[in-house]
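Reading through the structure tokens given below for one structure.
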Amino acid sequence: MFLETLKTIRLHKRQSKLGMYHTFKRKNTVYVFKCDCCGMVFLRSRGRVDPARATNDYKHVCSLCDVKKYAQSIGVKMRKIYRTDASSTHSIGDVPVS
Ligand SMILES: [Zn+2]
């Protein structure tokens, strides 16, 4: 679940060729997600996430959970809703396309 977008500022120091220390800052945008599998809140930097996926149209799973296991459980749930499990007699042509 997508929660919010945060902006962070990091301060760094570098030494100039004359030995003076100068501070400079770098802005960073991070997305806050809640894992749809375990419920843990986690952060991802904007560069690592497709901006189109920063919505609730997609499921989000943290790095500790098994993504493939979660996707499979969702598939089982949806097959039960649409009653298209392996024992069904529906052909692919009968499945409504939305
Ligand atoms: Zn998780």
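Following the order of the structure tokens, first chain is A, next is B, and so on, with residues numbered from 1 inside each chain and ligands from 1 in the order they appear.
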
Ligand 1 neighbours within 9 Å using only C-alpha atoms and all ligand atoms, as a list in words: Lys34, Cys35, Asp36, Cys37, Cys38, Gly39, Met40, Val41, Phe42, His60, Val61, Cys62, Ser63, Leu64, Cys65, Asp66 and Val67 of chain A

All residues 10 Å or closer to A:Thr55, only C-alpha atoms, same chain fewer than 3 positions away omitted, as a VMD selection string: chain A and resid 1 to 4 33 51 to 52 58 to 60

Among listed residues A:Asn56, A:Lys68, A:Arg46, A:Tyr82, nearest A:Asp94 (using only C-alpha atoms):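 Among A:Asn56, A:Lys68, A:Arg46, A:Tyr82, it is A:Tyr82 that comes nearest to A:Asp94.
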
Shell of 12 Å around A:Ser45, only C-alpha atoms, local chain residues under 2 positions omitted, as a PyMOL selection string: chain A and resi 5-8+27-33+42-43+47-51+54

Using backbone DSSP assignments, extract all alpha helix (DSSP H) residues from chain A; output them as a PDB file with C-alpha atoms, in the first residue's frame.
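So part.pdb came out as:
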```pdb
ATOM      1  CA  VAL A  67       7.137 -11.624  -3.442  1.00  0.00           C
ATOM      2  CA  LYS A  68       6.410 -14.711  -5.525  1.00  0.00           C
ATOM      3  CA  LYS A  69       4.670 -16.489  -2.655  1.00  0.00           C
ATOM      4  CA  TYR A  70       2.509 -13.411  -2.064  1.00  0.00           C
ATOM      5  CA  ALA A  71       1.651 -13.077  -5.782  1.00  0.00           C
ATOM      6  CA  GLN A  72       0.663 -16.732  -5.883  1.00  0.00           C
ATOM      7  CA  SER A  73      -1.653 -16.328  -2.864  1.00  0.00           C
ATOM      8  CA  ILE A  74      -3.330 -13.345  -4.546  1.00  0.00           C
ATOM      9  CA  GLY A  75      -3.765 -15.423  -7.725  1.00  0.00           C
ATOM     10  CA  VAL A  76      -5.452 -18.207  -5.730  1.00  0.00           C
ATOM     11  CA  LYS A  77      -7.760 -15.676  -4.073  1.00  0.00           C
ATOM     12  CA  MET A  78      -8.747 -14.144  -7.432  1.00  0.00           C
ATOM     13  CA  ARG A  79      -9.353 -17.576  -8.996  1.00  0.00           C
ATOM     14  CA  LYS A  80     -11.741 -18.351  -6.137  1.00  0.00           C
ATOM     15  CA  ILE A  81     -13.572 -15.059  -6.711  1.00  0.00           C
ATOM     16  CA  TYR A  82     -13.927 -15.673 -10.463  1.00  0.00           C
TER      17      TYR A  82
END
```

Computed interatomic separation between atom CA of A:Arg53 and atom CA of A:Arg10 (Å): 25.2 Å

Go through chain A and collect every residue that DSSP, computed from the backbone, puts in strand (DSSP E or B); the answer should be as an mmCIF file with N, CA and C atoms, in the first residue's frame.
```cif
data_model
loop_
_atom_site.group_PDB
_atom_site.id
_atom_site.type_symbol
_atom_site.label_atom_id
_atom_site.label_comp_id
_atom_site.auth_asym_id
_atom_site.auth_seq_id
_atom_site.Cartn_x
_atom_site.Cartn_y
_atom_site.Cartn_z
ATOM 1 N N PHE A 2 0.601 2.158 -0.919
ATOM 2 C CA PHE A 2 1.370 3.397 -0.975
ATOM 3 C C PHE A 2 0.827 4.350 0.084
ATOM 4 N N LEU A 3 1.707 4.931 0.900
ATOM 5 C CA LEU A 3 1.269 5.830 1.954
ATOM 6 C C LEU A 3 1.534 7.297 1.618
ATOM 7 N N GLU A 4 2.803 7.649 1.368
ATOM 8 C CA GLU A 4 3.104 9.054 1.108
ATOM 9 C C GLU A 4 4.469 9.211 0.439
ATOM 10 N N THR A 5 4.742 10.452 0.033
ATOM 11 C CA THR A 5 6.028 10.817 -0.539
ATOM 12 C C THR A 5 6.738 11.746 0.436
ATOM 13 N N LEU A 6 7.989 11.456 0.733
ATOM 14 C CA LEU A 6 8.773 12.299 1.643
ATOM 15 C C LEU A 6 9.982 12.850 0.909
ATOM 16 N N LYS A 7 10.389 14.056 1.314
ATOM 17 C CA LYS A 7 11.617 14.631 0.762
ATOM 18 C C LYS A 7 12.628 14.751 1.877
ATOM 19 N N THR A 8 13.818 14.269 1.635
ATOM 20 C CA THR A 8 14.868 14.338 2.655
ATOM 21 C C THR A 8 16.016 15.184 2.126
ATOM 22 N N ILE A 9 16.741 15.789 3.050
ATOM 23 C CA ILE A 9 17.944 16.554 2.682
ATOM 24 C C ILE A 9 19.110 15.979 3.469
ATOM 25 N N ARG A 10 20.149 15.596 2.760
ATOM 26 C CA ARG A 10 21.354 15.080 3.419
ATOM 27 C C ARG A 10 22.450 16.129 3.306
ATOM 28 N N LEU A 11 23.160 16.348 4.419
ATOM 29 C CA LEU A 11 24.279 17.276 4.415
ATOM 30 C C LEU A 11 25.583 16.485 4.322
ATOM 31 N N HIS A 12 26.454 16.926 3.444
ATOM 32 C CA HIS A 12 27.755 16.291 3.282
ATOM 33 C C HIS A 12 28.841 17.352 3.443
ATOM 34 N N LYS A 13 30.046 16.896 3.744
ATOM 35 C CA LYS A 13 31.197 17.795 3.845
ATOM 36 C C LYS A 13 32.270 17.323 2.889
ATOM 37 N N ARG A 14 32.908 18.272 2.280
ATOM 38 C CA ARG A 14 34.050 17.899 1.443
ATOM 39 C C ARG A 14 35.170 18.896 1.697
ATOM 40 N N GLN A 15 36.374 18.428 1.494
ATOM 41 C CA GLN A 15 37.536 19.271 1.733
ATOM 42 C C GLN A 15 38.004 19.851 0.407
ATOM 43 N N TYR A 21 36.853 23.036 4.775
ATOM 44 C CA TYR A 21 35.726 22.111 4.675
ATOM 45 C C TYR A 21 34.477 22.871 4.242
ATOM 46 N N HIS A 22 33.823 22.408 3.233
ATOM 47 C CA HIS A 22 32.593 23.026 2.730
ATOM 48 C C HIS A 22 31.462 22.021 2.867
ATOM 49 N N THR A 23 30.306 22.516 3.298
ATOM 50 C CA THR A 23 29.142 21.632 3.373
ATOM 51 C C THR A 23 28.314 21.817 2.113
ATOM 52 N N PHE A 24 27.724 20.749 1.678
ATOM 53 C CA PHE A 24 26.790 20.820 0.563
ATOM 54 C C PHE A 24 25.657 19.858 0.859
ATOM 55 N N LYS A 25 24.501 20.114 0.228
ATOM 56 C CA LYS A 25 23.337 19.279 0.517
ATOM 57 C C LYS A 25 22.816 18.604 -0.739
ATOM 58 N N ARG A 26 22.226 17.455 -0.525
ATOM 59 C CA ARG A 26 21.609 16.700 -1.617
ATOM 60 C C ARG A 26 20.186 16.363 -1.209
ATOM 61 N N LYS A 27 19.241 16.707 -2.086
ATOM 62 C CA LYS A 27 17.839 16.389 -1.807
ATOM 63 C C LYS A 27 17.516 15.004 -2.336
ATOM 64 N N ASN A 28 16.669 14.307 -1.610
ATOM 65 C CA ASN A 28 16.305 12.953 -2.008
ATOM 66 C C ASN A 28 14.805 12.772 -1.777
ATOM 67 N N THR A 29 14.129 12.153 -2.717
ATOM 68 C CA THR A 29 12.696 11.885 -2.569
ATOM 69 C C THR A 29 12.506 10.400 -2.315
ATOM 70 N N VAL A 30 11.742 10.078 -1.293
ATOM 71 C CA VAL A 30 11.479 8.675 -0.975
ATOM 72 C C VAL A 30 9.972 8.438 -0.897
ATOM 73 N N TYR A 31 9.578 7.233 -1.265
ATOM 74 C CA TYR A 31 8.184 6.825 -1.149
ATOM 75 C C TYR A 31 8.035 5.957 0.091
ATOM 76 N N VAL A 32 6.951 6.127 0.809
ATOM 77 C CA VAL A 32 6.667 5.309 1.991
ATOM 78 C C VAL A 32 5.576 4.315 1.613
ATOM 79 N N PHE A 33 5.884 3.037 1.788
ATOM 80 C CA PHE A 33 4.922 1.974 1.475
ATOM 81 C C PHE A 33 4.632 1.170 2.727
ATOM 82 N N LYS A 34 3.472 0.530 2.756
ATOM 83 C CA LYS A 34 3.151 -0.443 3.786
ATOM 84 C C LYS A 34 3.047 -1.791 3.078
ATOM 85 N N VAL A 41 5.990 -1.004 7.535
ATOM 86 C CA VAL A 41 6.183 0.220 6.751
ATOM 87 C C VAL A 41 7.637 0.257 6.299
ATOM 88 N N PHE A 42 7.853 0.534 5.008
ATOM 89 C CA PHE A 42 9.213 0.582 4.484
ATOM 90 C C PHE A 42 9.347 1.713 3.484
ATOM 91 N N LEU A 43 10.609 2.136 3.255
ATOM 92 C CA LEU A 43 10.912 3.263 2.374
ATOM 93 C C LEU A 43 11.608 2.759 1.121
ATOM 94 N N ARG A 44 11.348 3.427 0.003
ATOM 95 C CA ARG A 44 12.079 3.165 -1.231
ATOM 96 C C ARG A 44 12.417 4.513 -1.850
ATOM 97 N N SER A 45 13.643 4.671 -2.319
ATOM 98 C CA SER A 45 13.991 5.936 -2.963
ATOM 99 C C SER A 45 13.289 6.018 -4.318
#
```
